[in-house]
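Shown below: structure.cif, with mmCIF, C-alpha atoms and all ligand atoms.
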data_input
loop_
_atom_site.group_PDB
_atom_site.id
_atom_site.type_symbol
_atom_site.label_atom_id
_atom_site.label_comp_id
_atom_site.auth_asym_id
_atom_site.auth_seq_id
_atom_site.Cartn_x
_atom_site.Cartn_y
_atom_site.Cartn_z
ATOM 1 C CA MET A 211 -28.880 29.175 -30.852
ATOM 2 C CA PRO A 212 -26.762 26.378 -29.365
ATOM 3 C CA GLN A 213 -23.440 27.054 -27.714
ATOM 4 C CA TRP A 214 -21.264 25.530 -30.453
ATOM 5 C CA THR A 215 -18.341 23.352 -29.441
ATOM 6 C CA ASP A 216 -14.882 24.228 -30.794
ATOM 7 C CA GLN A 217 -15.068 21.412 -33.348
ATOM 8 C CA GLN A 218 -18.515 22.518 -34.468
ATOM 9 C CA ARG A 219 -17.283 26.086 -34.795
ATOM 10 C CA GLU A 220 -14.381 24.865 -36.919
ATOM 11 C CA ALA A 221 -16.809 22.948 -39.156
ATOM 12 C CA ILE A 222 -19.007 26.041 -39.515
ATOM 13 C CA TYR A 223 -16.364 28.639 -40.293
ATOM 14 C CA THR A 224 -13.490 26.822 -42.079
ATOM 15 C CA LYS A 225 -13.054 28.287 -45.549
ATOM 16 C CA GLY A 226 -11.071 27.670 -48.710
ATOM 17 C CA GLN A 227 -10.687 23.908 -48.371
ATOM 18 C CA ASP A 228 -12.733 20.728 -48.544
ATOM 19 C CA ILE A 229 -14.024 19.554 -45.206
ATOM 20 C CA LEU A 230 -15.428 16.214 -44.162
ATOM 21 C CA ILE A 231 -17.522 15.891 -41.028
ATOM 22 C CA ALA A 232 -18.216 12.522 -39.498
ATOM 23 C CA ALA A 233 -19.946 12.434 -36.141
ATOM 24 C CA ALA A 234 -22.305 10.227 -34.156
ATOM 25 C CA ALA A 235 -26.079 10.226 -34.756
ATOM 26 C CA GLY A 236 -27.778 13.225 -33.187
ATOM 27 C CA SER A 237 -24.515 14.992 -32.430
ATOM 28 C CA GLY A 238 -25.352 18.070 -34.506
ATOM 29 C CA LYS A 239 -24.173 17.449 -38.102
ATOM 30 C CA THR A 240 -27.300 18.905 -39.698
ATOM 31 C CA ALA A 241 -27.335 21.804 -37.238
ATOM 32 C CA VAL A 242 -23.715 22.577 -38.155
ATOM 33 C CA LEU A 243 -24.399 22.349 -41.868
ATOM 34 C CA VAL A 244 -27.426 24.650 -41.586
ATOM 35 C CA GLU A 245 -25.349 27.125 -39.592
ATOM 36 C CA ARG A 246 -22.569 26.913 -42.187
ATOM 37 C CA ILE A 247 -25.093 27.786 -44.894
ATOM 38 C CA ILE A 248 -26.559 30.644 -42.890
ATOM 39 C CA GLN A 249 -23.129 32.064 -42.110
ATOM 40 C CA LYS A 250 -22.326 32.079 -45.824
ATOM 41 C CA VAL A 251 -25.603 33.846 -46.572
ATOM 42 C CA ILE A 252 -25.293 36.498 -43.858
ATOM 43 C CA ASP A 253 -21.558 37.023 -44.305
ATOM 44 C CA THR A 254 -21.077 40.800 -44.515
ATOM 45 C CA GLU A 255 -17.882 40.659 -46.598
ATOM 46 C CA SER A 256 -18.979 38.361 -49.403
ATOM 47 C CA PRO A 257 -22.571 37.242 -48.849
ATOM 48 C CA VAL A 258 -23.805 34.455 -51.111
ATOM 49 C CA ASN A 259 -27.332 33.972 -52.373
ATOM 50 C CA ILE A 260 -28.962 30.803 -51.104
ATOM 51 C CA ASP A 261 -29.671 29.606 -54.662
ATOM 52 C CA GLU A 262 -25.936 29.673 -55.437
ATOM 53 C CA LEU A 263 -25.334 26.775 -53.075
ATOM 54 C CA MET A 264 -25.842 23.135 -53.860
ATOM 55 C CA VAL A 265 -26.952 21.106 -50.856
ATOM 56 C CA ALA A 266 -27.332 17.378 -51.429
ATOM 57 C CA THR A 267 -28.840 14.862 -49.032
ATOM 58 C CA PHE A 268 -29.457 11.122 -49.179
ATOM 59 C CA THR A 269 -33.214 11.154 -48.757
ATOM 60 C CA ASN A 270 -36.118 13.430 -49.667
ATOM 61 C CA ALA A 271 -37.046 13.602 -45.983
ATOM 62 C CA ALA A 272 -33.559 14.881 -45.117
ATOM 63 C CA ALA A 273 -33.785 17.483 -47.910
ATOM 64 C CA GLN A 274 -37.136 18.646 -46.555
ATOM 65 C CA GLU A 275 -35.725 18.838 -43.020
ATOM 66 C CA MET A 276 -32.755 20.817 -44.291
ATOM 67 C CA ARG A 277 -34.952 23.299 -46.166
ATOM 68 C CA THR A 278 -37.169 23.815 -43.116
ATOM 69 C CA ARG A 279 -34.176 24.340 -40.853
ATOM 70 C CA VAL A 280 -32.587 26.818 -43.249
ATOM 71 C CA GLN A 281 -35.939 28.629 -43.422
ATOM 72 C CA LEU A 282 -36.079 28.859 -39.603
ATOM 73 C CA ALA A 283 -32.487 30.066 -39.406
ATOM 74 C CA LEU A 284 -33.237 32.688 -42.086
ATOM 75 C CA ASP A 285 -36.280 33.847 -40.103
ATOM 76 C CA VAL A 286 -34.075 34.319 -37.037
ATOM 77 C CA ALA A 287 -31.494 36.232 -39.083
ATOM 78 C CA LEU A 288 -34.267 38.454 -40.484
ATOM 79 C CA GLU A 289 -35.643 39.136 -37.008
ATOM 80 C CA GLU A 290 -32.204 40.299 -35.942
ATOM 81 C CA ASN A 291 -31.755 42.380 -39.066
ATOM 82 C CA PRO A 292 -35.241 43.214 -40.396
ATOM 83 C CA THR A 293 -34.146 45.906 -42.836
ATOM 84 C CA SER A 294 -31.668 43.759 -44.789
ATOM 85 C CA ASP A 295 -32.720 43.569 -48.445
ATOM 86 C CA HIS A 296 -30.255 40.746 -48.974
ATOM 87 C CA LEU A 297 -31.950 38.620 -46.293
ATOM 88 C CA LYS A 298 -35.441 39.424 -47.574
ATOM 89 C CA LYS A 299 -34.342 38.298 -51.011
ATOM 90 C CA GLN A 300 -33.045 35.005 -49.560
ATOM 91 C CA ALA A 301 -36.495 34.194 -48.170
ATOM 92 C CA THR A 302 -37.795 34.207 -51.774
ATOM 93 C CA LEU A 303 -34.752 32.501 -53.264
ATOM 94 C CA LEU A 304 -35.033 29.638 -50.786
ATOM 95 C CA GLN A 305 -37.992 28.267 -52.782
ATOM 96 C CA GLN A 306 -35.776 27.641 -55.786
ATOM 97 C CA ALA A 307 -32.617 26.778 -53.819
ATOM 98 C CA SER A 308 -30.978 23.513 -54.721
ATOM 99 C CA ILE A 309 -31.543 21.578 -51.492
ATOM 100 C CA SER A 310 -32.392 18.083 -52.650
ATOM 101 C CA THR A 311 -31.215 14.523 -53.014
ATOM 102 C CA LEU A 312 -28.351 14.005 -55.431
ATOM 103 C CA HIS A 313 -30.747 12.129 -57.736
ATOM 104 C CA SER A 314 -33.225 14.986 -57.993
ATOM 105 C CA PHE A 315 -30.390 17.458 -58.446
ATOM 106 C CA CYS A 316 -29.099 15.407 -61.407
ATOM 107 C CA LEU A 317 -32.610 15.039 -62.803
ATOM 108 C CA ASP A 318 -33.063 18.810 -62.616
ATOM 109 C CA LEU A 319 -29.730 19.424 -64.267
ATOM 110 C CA VAL A 320 -30.454 17.040 -67.140
ATOM 111 C CA LYS A 321 -33.952 18.507 -67.602
ATOM 112 C CA ARG A 322 -32.634 22.059 -67.647
ATOM 113 C CA TYR A 323 -29.885 21.292 -70.163
ATOM 114 C CA SER A 324 -31.660 18.597 -72.173
ATOM 115 C CA TYR A 325 -31.186 20.715 -75.333
ATOM 116 C CA LYS A 326 -27.407 20.500 -74.870
ATOM 117 C CA LEU A 327 -27.582 16.731 -74.383
ATOM 118 C CA ASP A 328 -29.855 16.357 -77.377
ATOM 119 C CA ILE A 329 -32.498 14.399 -75.481
ATOM 120 C CA ASP A 330 -36.263 14.816 -75.299
ATOM 121 C CA PRO A 331 -36.989 17.378 -72.530
ATOM 122 C CA GLY A 332 -40.115 15.389 -71.669
ATOM 123 C CA PHE A 333 -38.034 12.353 -70.642
ATOM 124 C CA ARG A 334 -38.758 10.559 -67.391
ATOM 125 C CA ILE A 335 -36.977 8.034 -65.211
ATOM 126 C CA ALA A 336 -37.804 4.444 -66.082
ATOM 127 C CA ASN A 337 -39.178 2.347 -63.258
ATOM 128 C CA ASP A 338 -37.357 -0.858 -62.228
ATOM 129 C CA LEU A 339 -39.591 -3.095 -64.340
ATOM 130 C CA GLU A 340 -39.143 -0.994 -67.483
ATOM 131 C CA ALA A 341 -35.397 -0.835 -66.917
ATOM 132 C CA ASP A 342 -35.249 -4.644 -66.544
ATOM 133 C CA LEU A 343 -37.195 -5.137 -69.774
ATOM 134 C CA LEU A 344 -34.914 -2.704 -71.619
ATOM 135 C CA ARG A 345 -31.816 -4.474 -70.326
ATOM 136 C CA GLN A 346 -33.217 -7.839 -71.381
ATOM 137 C CA GLU A 347 -34.034 -6.486 -74.854
ATOM 138 C CA VAL A 348 -30.535 -5.080 -75.325
ATOM 139 C CA LEU A 349 -29.019 -8.337 -74.175
ATOM 140 C CA GLU A 350 -31.099 -10.360 -76.620
ATOM 141 C CA ASP A 351 -30.138 -8.048 -79.489
ATOM 142 C CA LEU A 352 -26.494 -8.354 -78.512
ATOM 143 C CA PHE A 353 -26.636 -12.143 -78.388
ATOM 144 C CA GLU A 354 -28.320 -12.201 -81.790
ATOM 145 C CA TYR A 355 -25.589 -9.995 -83.191
ATOM 146 C CA TRP A 356 -22.803 -12.090 -81.662
ATOM 147 C CA TYR A 357 -24.328 -15.346 -82.895
ATOM 148 C CA SER A 358 -24.710 -14.008 -86.438
ATOM 149 C CA GLU A 359 -21.562 -11.934 -87.052
ATOM 150 C CA GLU A 360 -18.457 -13.938 -87.858
ATOM 151 C CA ASN A 361 -15.664 -11.855 -86.417
ATOM 152 C CA ASP A 362 -13.148 -11.777 -83.558
ATOM 153 C CA GLU A 363 -15.850 -10.703 -81.121
ATOM 154 C CA GLN A 364 -17.771 -13.843 -82.011
ATOM 155 C CA VAL A 365 -14.787 -16.069 -81.258
ATOM 156 C CA ALA A 366 -14.447 -14.463 -77.826
ATOM 157 C CA PHE A 367 -18.205 -14.698 -77.300
ATOM 158 C CA PHE A 368 -18.303 -18.447 -78.097
ATOM 159 C CA ASP A 369 -15.441 -18.943 -75.708
ATOM 160 C CA VAL A 370 -17.472 -17.316 -72.906
ATOM 161 C CA VAL A 371 -20.655 -19.201 -73.811
ATOM 162 C CA ASP A 372 -18.765 -22.537 -73.852
ATOM 163 C CA ARG A 373 -17.351 -21.901 -70.429
ATOM 164 C CA PHE A 374 -20.327 -20.427 -68.648
ATOM 165 C CA SER A 375 -23.560 -21.811 -70.074
ATOM 166 C CA SER A 376 -25.213 -25.193 -70.251
ATOM 167 C CA ASP A 377 -25.800 -27.020 -73.546
ATOM 168 C CA ARG A 378 -29.472 -26.167 -73.580
ATOM 169 C CA HIS A 379 -29.725 -22.441 -72.971
ATOM 170 C CA ASP A 380 -27.730 -19.251 -72.447
ATOM 171 C CA GLN A 381 -29.449 -18.151 -69.257
ATOM 172 C CA ASP A 382 -26.381 -18.672 -67.089
ATOM 173 C CA VAL A 383 -24.167 -16.545 -69.244
ATOM 174 C CA GLU A 384 -26.922 -13.915 -69.580
ATOM 175 C CA SER A 385 -27.237 -13.645 -65.835
ATOM 176 C CA ILE A 386 -23.438 -13.352 -65.466
ATOM 177 C CA ILE A 387 -23.418 -10.488 -67.972
ATOM 178 C CA LEU A 388 -26.299 -8.726 -66.190
ATOM 179 C CA LYS A 389 -24.656 -9.198 -62.794
ATOM 180 C CA LEU A 390 -21.372 -7.861 -64.119
ATOM 181 C CA ASN A 391 -23.195 -4.917 -65.681
ATOM 182 C CA ASP A 392 -24.990 -4.135 -62.408
ATOM 183 C CA PHE A 393 -21.737 -4.296 -60.494
ATOM 184 C CA ALA A 394 -19.844 -2.197 -63.044
ATOM 185 C CA MET A 395 -22.565 0.467 -63.086
ATOM 186 C CA LYS A 396 -22.043 1.044 -59.366
ATOM 187 C CA ASN A 397 -18.567 2.219 -60.271
ATOM 188 C CA PRO A 398 -18.065 5.878 -61.233
ATOM 189 C CA TRP A 399 -16.258 4.804 -64.437
ATOM 190 C CA PRO A 400 -17.859 1.493 -65.404
ATOM 191 C CA THR A 401 -16.191 1.057 -68.800
ATOM 192 C CA GLU A 402 -12.728 1.829 -67.485
ATOM 193 C CA TRP A 403 -13.326 -0.497 -64.550
ATOM 194 C CA LEU A 404 -14.391 -3.341 -66.854
ATOM 195 C CA ASP A 405 -11.336 -2.796 -69.092
ATOM 196 C CA GLU A 406 -9.124 -2.786 -66.036
ATOM 197 C CA ILE A 407 -10.393 -6.075 -64.637
ATOM 198 C CA ALA A 408 -10.119 -7.654 -68.082
ATOM 199 C CA SER A 409 -6.517 -6.460 -68.336
ATOM 200 C CA ASN A 410 -5.742 -8.272 -65.076
ATOM 201 C CA TYR A 411 -5.953 -11.496 -67.066
ATOM 202 C CA GLU A 412 -3.391 -10.435 -69.660
ATOM 203 C CA LEU A 413 -0.001 -11.775 -68.780
ATOM 204 C CA ASN A 414 2.083 -9.827 -71.323
ATOM 205 C CA GLU A 415 4.223 -8.412 -68.531
ATOM 206 C CA GLY A 416 4.884 -11.879 -67.164
ATOM 207 C CA ILE A 417 3.077 -13.720 -64.419
ATOM 208 C CA THR A 418 5.122 -12.078 -61.661
ATOM 209 C CA ASN A 419 3.717 -8.656 -62.588
ATOM 210 C CA SER A 420 0.137 -9.846 -62.636
ATOM 211 C CA PRO A 421 -2.179 -8.927 -59.749
ATOM 212 C CA TRP A 422 -2.846 -12.646 -59.372
ATOM 213 C CA PHE A 423 0.749 -13.467 -58.579
ATOM 214 C CA GLY A 424 0.595 -12.450 -54.905
ATOM 215 C CA ILE A 425 -2.729 -14.256 -54.460
ATOM 216 C CA ILE A 426 -1.398 -17.459 -56.071
ATOM 217 C CA VAL A 427 1.835 -17.296 -54.061
ATOM 218 C CA ASP A 428 -0.136 -16.879 -50.809
ATOM 219 C CA LYS A 429 -2.390 -19.802 -51.700
ATOM 220 C CA VAL A 430 0.527 -22.090 -52.638
ATOM 221 C CA THR A 431 2.442 -21.032 -49.515
ATOM 222 C CA ASP A 432 -0.574 -21.856 -47.336
ATOM 223 C CA THR A 433 -0.991 -25.276 -48.954
ATOM 224 C CA LEU A 434 2.697 -26.104 -48.615
ATOM 225 C CA GLU A 435 2.801 -24.977 -44.992
ATOM 226 C CA GLN A 436 -0.206 -27.140 -44.240
ATOM 227 C CA ALA A 437 1.482 -30.111 -45.953
ATOM 228 C CA LYS A 438 4.647 -29.479 -43.941
ATOM 229 C CA LYS A 439 2.664 -29.551 -40.695
ATOM 230 C CA GLU A 440 1.032 -32.838 -41.717
ATOM 231 C CA ALA A 441 4.422 -34.311 -42.603
ATOM 232 C CA GLU A 442 5.817 -33.252 -39.213
ATOM 233 C CA LYS A 443 2.836 -34.864 -37.492
ATOM 234 C CA CYS A 444 3.513 -38.096 -39.418
ATOM 235 C CA HIS A 445 7.176 -37.955 -38.496
ATOM 236 C CA ALA A 446 6.334 -37.500 -34.799
ATOM 237 C CA ILE A 447 4.046 -40.533 -34.953
ATOM 238 C CA THR A 448 6.751 -42.732 -36.443
ATOM 239 C CA LEU A 449 9.003 -41.816 -33.503
ATOM 240 C CA LEU A 450 6.488 -43.151 -30.939
ATOM 241 C CA PRO A 451 7.476 -46.523 -29.371
ATOM 242 C CA ASP A 452 4.489 -48.189 -31.080
ATOM 243 C CA GLY A 453 5.110 -46.523 -34.388
ATOM 244 C CA LEU A 454 1.955 -46.105 -36.380
ATOM 245 C CA ILE A 455 0.055 -48.813 -34.454
ATOM 246 C CA ILE A 456 -1.546 -47.266 -31.418
ATOM 247 C CA THR A 457 -3.927 -49.242 -29.129
ATOM 248 C CA GLY A 458 -4.216 -51.891 -31.770
ATOM 249 C CA LYS A 459 -5.707 -49.529 -34.304
ATOM 250 C CA LEU A 460 -4.023 -48.013 -37.302
ATOM 251 C CA MET A 461 -3.833 -44.319 -36.563
ATOM 252 C CA THR A 462 -5.264 -42.108 -39.244
ATOM 253 C CA VAL A 463 -3.431 -38.958 -39.951
ATOM 254 C CA THR A 464 -5.717 -36.100 -40.904
HETATM 255 N N1 LIG B 501 -23.463 22.403 -29.444
HETATM 256 C C1 LIG B 501 -24.763 22.137 -29.239
HETATM 257 N N2 LIG B 501 -25.399 22.498 -28.113
HETATM 258 C C2 LIG B 501 -26.704 22.217 -27.915
HETATM 259 N N3 LIG B 501 -27.490 21.573 -28.780
HETATM 260 C C3 LIG B 501 -26.927 21.172 -29.925
HETATM 261 C C4 LIG B 501 -25.532 21.403 -30.237
HETATM 262 N N4 LIG B 501 -25.254 20.890 -31.450
HETATM 263 C C5 LIG B 501 -26.410 20.340 -31.888
HETATM 264 N N5 LIG B 501 -27.410 20.507 -30.989
HETATM 265 C C6 LIG B 501 -28.809 20.057 -31.095
HETATM 266 O O1 LIG B 501 -28.821 18.626 -31.130
HETATM 267 C C7 LIG B 501 -29.948 18.176 -31.861
HETATM 268 C C8 LIG B 501 -29.493 17.154 -32.908
HETATM 269 O O2 LIG B 501 -28.734 17.791 -33.903
HETATM 270 P P1 LIG B 501 -28.775 17.381 -35.432
HETATM 271 O O3 LIG B 501 -30.153 17.011 -35.852
HETATM 272 O O4 LIG B 501 -28.092 18.474 -36.173
HETATM 273 O O5 LIG B 501 -27.852 16.089 -35.364
HETATM 274 P P2 LIG B 501 -27.381 15.150 -36.554
HETATM 275 O O6 LIG B 501 -25.973 14.809 -36.243
HETATM 276 O O7 LIG B 501 -27.686 15.787 -37.850
HETATM 277 O O8 LIG B 501 -28.329 13.915 -36.308
HETATM 278 P P3 LIG B 501 -28.634 12.686 -37.298
HETATM 279 O O9 LIG B 501 -27.443 11.808 -37.207
HETATM 280 O O10 LIG B 501 -29.879 12.095 -36.693
HETATM 281 O O11 LIG B 501 -28.860 13.289 -38.663
HETATM 282 C C9 LIG B 501 -30.580 19.407 -32.491
HETATM 283 O O12 LIG B 501 -31.701 19.777 -31.738
HETATM 284 C C10 LIG B 501 -29.479 20.451 -32.391
HETATM 285 O O13 LIG B 501 -30.010 21.761 -32.326
HETATM 286 MG MG MG B 502 -28.856 15.079 -39.534
#
Rewritten as structure tokens:
Amino acid sequence: MPQWTDQQREAIYTKGQDILIAAAAGSGKTAVLVERIIQKVIDTESPVNIDELMVATFTNAAAQEMRTRVQLALDVALEENPTSDHLKKQATLLQQASISTLHSFCLDLVKRYSYKLDIDPGFRIANDLEADLLRQEVLEDLFEYWYSEENDEQVAFFDVVDRFSSDRHDQDVESIILKLNDFAMKNPWPTEWLDEIASNYELNEGITNSPWFGIIVDKVTDTLEQAKKEAEKCHAITLLPDGLIITGKLMTVT
């Protein structure tokens, strides 16, 4: 058992609030987290069962490491207190404890409650190729719909196609839509995010209230300041005894 530092101790025992631990590689984050788990399990006042905790890691390897380390720590706790029924129970519960990557936790959750979500419990995760094909299919269907339905959406769609694709094919605009979709899906609320960026282009509140205003002002200010500098350079040149003609050559002002 390491001699915990004060900060480590704080990270292990702090209760009743969210905590965030950031520390250098190899400085003991996993050790602290394992100890935090163990302390919760062996707490005499309100012991928790190991399968009541959700422990999420980034990789499967890290989840495996975590499980092994919790197992070792449980073994030590059992050696110290071999008659504890609670601890004996934990050794069994550890097998079904939720120590996994966030992805496998979500997969588990969806599988377990598939009846509530009204999806086939035998579903599986599509591989990248299948997902690409599905995306492409949806996009083609959408384009077909937009080309055939005469409504407001179509007007907006033609506007986008005119601006972003060549005369011969729609590949450019397709790839913009896919890129935008990919980017949006990395956001926790993709639809809201897309609506929000679209609303940035609406100038109902006047240009000065638009998020672009500051950016445009900065850009114009930069350009004007640059022009002012150039003008001052020109002025300085005209004040030279030879004026603009220096060593027989016309000086170029850049
Ligand atoms: N206070 C301490 N005293 C002695 N050894 C310690 C202390 N804290 C952690 N260690 C030991 O340091 C080693 C590295 O710890 P650990 O694997 O928990 O680090 P980590 O921050 O999770 O590393 P990584 O960034 O690689 O995930 C372990 O062997 C751990 O037992
Ligand atoms: Mg670690």
Atom pair atom CA of Arg378 of chain A / atom CA of Leu404 of chain A: separation (Å): 28.2 Å
Edge lengths and centre, in Å to one decimal, as lines of an AutoDock Vina configuration file: that's what I need for the box along x, y and z that holds all listed atoms of segment 354-362 of chain A plus 8 Å on each side.
center_x = -20.7
center_y = -12.7
center_z = -84.8
size_x = 31.2
size_y = 21.4
size_z = 22.2
Output of the PyMOL selection byres (((not hetatm)) within 10 of (chain B and resi 501)), listed as a list in words: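 After applying the PyMOL selection byres (((not hetatm)) within 10 of (chain B and resi 501)), what remains is Met211, Pro212, Gln213, Trp214, Thr215, Asp216, Gln217, Gln218, Arg219, Ile231, Ala232, Ala233, Ala234, Ala235, Gly236, Ser237, Gly238, Lys239, Thr240, Ala241, Val242, Leu243, Val244, Glu245, Ala272, Glu275, Met276 and Arg279 of chain A.
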If we count only C-alpha atoms and set the cut-off at 12 Å, which residues sit around Leu390 of chain A, ignoring sequence neighbours fewer than 4 positions away in its own chain? Please answer as a ChimeraX atom specification. /A:383-386,394-397,400-401,403-404,407-408
Using Å and a single decimal, report how far atom CA of Ala271 of chain A sits from atom CA of Ser310 of chain A.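 A separation of 9.3 Å between them.
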Do you know which residues the PyMOL selection byres (((chain A and resi 311) around 9) and not hetatm) returns on this file, as a PyMOL selection string? chain A and resi 265-270+272-273+309-310+312-316
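Counting from atom CA of Gln274 of chain A, the distance to atom CA of Gln300 of chain A is 17.1 Å.
The result of the PyMOL selection byres (((chain A and resi 421-429) around 12) and not hetatm) on the shown file is Glu406, Ile407, Ala408, Ser409, Asn410, Tyr411, Glu412, Leu413, Glu415, Gly416, Ile417, Thr418, Asn419, Ser420, Val430, Thr431, Asp432, Thr433, Leu434, Glu435 and Gln436 of chain A.
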Kindly write N, CA, C and O atoms of segment 276-290 of chain A from the structure just given to a file, as a PDB file, in the first residue's frame.
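result-v6.pdb, written as the output of this step:
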ATOM      1  N   MET A 276      -7.871  -1.948 -14.854  1.00  0.00           N
ATOM      2  CA  MET A 276      -8.662  -1.452 -13.724  1.00  0.00           C
ATOM      3  C   MET A 276      -9.303  -2.622 -12.967  1.00  0.00           C
ATOM      4  O   MET A 276      -9.247  -2.680 -11.742  1.00  0.00           O
ATOM      5  N   ARG A 277      -9.897  -3.546 -13.726  1.00  0.00           N
ATOM      6  CA  ARG A 277     -10.574  -4.690 -13.119  1.00  0.00           C
ATOM      7  C   ARG A 277      -9.571  -5.525 -12.311  1.00  0.00           C
ATOM      8  O   ARG A 277      -9.814  -5.912 -11.184  1.00  0.00           O
ATOM      9  N   THR A 278      -8.393  -5.766 -12.947  1.00  0.00           N
ATOM     10  CA  THR A 278      -7.369  -6.558 -12.270  1.00  0.00           C
ATOM     11  C   THR A 278      -6.918  -5.877 -10.986  1.00  0.00           C
ATOM     12  O   THR A 278      -6.748  -6.521  -9.947  1.00  0.00           O
ATOM     13  N   ARG A 279      -6.746  -4.537 -11.065  1.00  0.00           N
ATOM     14  CA  ARG A 279      -6.246  -3.836  -9.885  1.00  0.00           C
ATOM     15  C   ARG A 279      -7.296  -3.798  -8.777  1.00  0.00           C
ATOM     16  O   ARG A 279      -6.952  -3.879  -7.595  1.00  0.00           O
ATOM     17  N   VAL A 280      -8.569  -3.695  -9.170  1.00  0.00           N
ATOM     18  CA  VAL A 280      -9.623  -3.728  -8.153  1.00  0.00           C
ATOM     19  C   VAL A 280      -9.662  -5.116  -7.519  1.00  0.00           C
ATOM     20  O   VAL A 280      -9.787  -5.251  -6.299  1.00  0.00           O
ATOM     21  N   GLN A 281      -9.484  -6.144  -8.360  1.00  0.00           N
ATOM     22  CA  GLN A 281      -9.469  -7.527  -7.861  1.00  0.00           C
ATOM     23  C   GLN A 281      -8.363  -7.699  -6.816  1.00  0.00           C
ATOM     24  O   GLN A 281      -8.587  -8.236  -5.724  1.00  0.00           O
ATOM     25  N   LEU A 282      -7.150  -7.205  -7.150  1.00  0.00           N
ATOM     26  CA  LEU A 282      -6.015  -7.321  -6.223  1.00  0.00           C
ATOM     27  C   LEU A 282      -6.303  -6.594  -4.915  1.00  0.00           C
ATOM     28  O   LEU A 282      -6.053  -7.126  -3.831  1.00  0.00           O
ATOM     29  N   ALA A 283      -6.860  -5.375  -5.053  1.00  0.00           N
ATOM     30  CA  ALA A 283      -7.150  -4.583  -3.855  1.00  0.00           C
ATOM     31  C   ALA A 283      -8.217  -5.273  -3.005  1.00  0.00           C
ATOM     32  O   ALA A 283      -8.156  -5.232  -1.769  1.00  0.00           O
ATOM     33  N   LEU A 284      -9.177  -5.922  -3.671  1.00  0.00           N
ATOM     34  CA  LEU A 284     -10.219  -6.669  -2.936  1.00  0.00           C
ATOM     35  C   LEU A 284      -9.602  -7.851  -2.196  1.00  0.00           C
ATOM     36  O   LEU A 284      -9.955  -8.133  -1.045  1.00  0.00           O
ATOM     37  N   ASP A 285      -8.655  -8.534  -2.875  1.00  0.00           N
ATOM     38  CA  ASP A 285      -7.973  -9.673  -2.248  1.00  0.00           C
ATOM     39  C   ASP A 285      -7.275  -9.227  -0.961  1.00  0.00           C
ATOM     40  O   ASP A 285      -7.362  -9.898   0.066  1.00  0.00           O
ATOM     41  N   VAL A 286      -6.599  -8.063  -1.052  1.00  0.00           N
ATOM     42  CA  VAL A 286      -5.895  -7.546   0.129  1.00  0.00           C
ATOM     43  C   VAL A 286      -6.898  -7.254   1.233  1.00  0.00           C
ATOM     44  O   VAL A 286      -6.697  -7.625   2.401  1.00  0.00           O
ATOM     45  N   ALA A 287      -8.018  -6.607   0.864  1.00  0.00           N
ATOM     46  CA  ALA A 287      -9.034  -6.267   1.865  1.00  0.00           C
ATOM     47  C   ALA A 287      -9.586  -7.530   2.512  1.00  0.00           C
ATOM     48  O   ALA A 287      -9.826  -7.567   3.729  1.00  0.00           O
ATOM     49  N   LEU A 288      -9.750  -8.590   1.701  1.00  0.00           N
ATOM     50  CA  LEU A 288     -10.282  -9.859   2.231  1.00  0.00           C
ATOM     51  C   LEU A 288      -9.291 -10.543   3.170  1.00  0.00           C
ATOM     52  O   LEU A 288      -9.673 -11.136   4.171  1.00  0.00           O
ATOM     53  N   GLU A 289      -7.991 -10.412   2.809  1.00  0.00           N
ATOM     54  CA  GLU A 289      -6.959 -10.993   3.684  1.00  0.00           C
ATOM     55  C   GLU A 289      -6.989 -10.339   5.055  1.00  0.00           C
ATOM     56  O   GLU A 289      -6.834 -10.988   6.084  1.00  0.00           O
ATOM     57  N   GLU A 290      -7.230  -9.010   5.032  1.00  0.00           N
ATOM     58  CA  GLU A 290      -7.246  -8.275   6.301  1.00  0.00           C
ATOM     59  C   GLU A 290      -8.521  -8.567   7.092  1.00  0.00           C
ATOM     60  O   GLU A 290      -8.567  -8.411   8.298  1.00  0.00           O
TER      61      GLU A 290
END
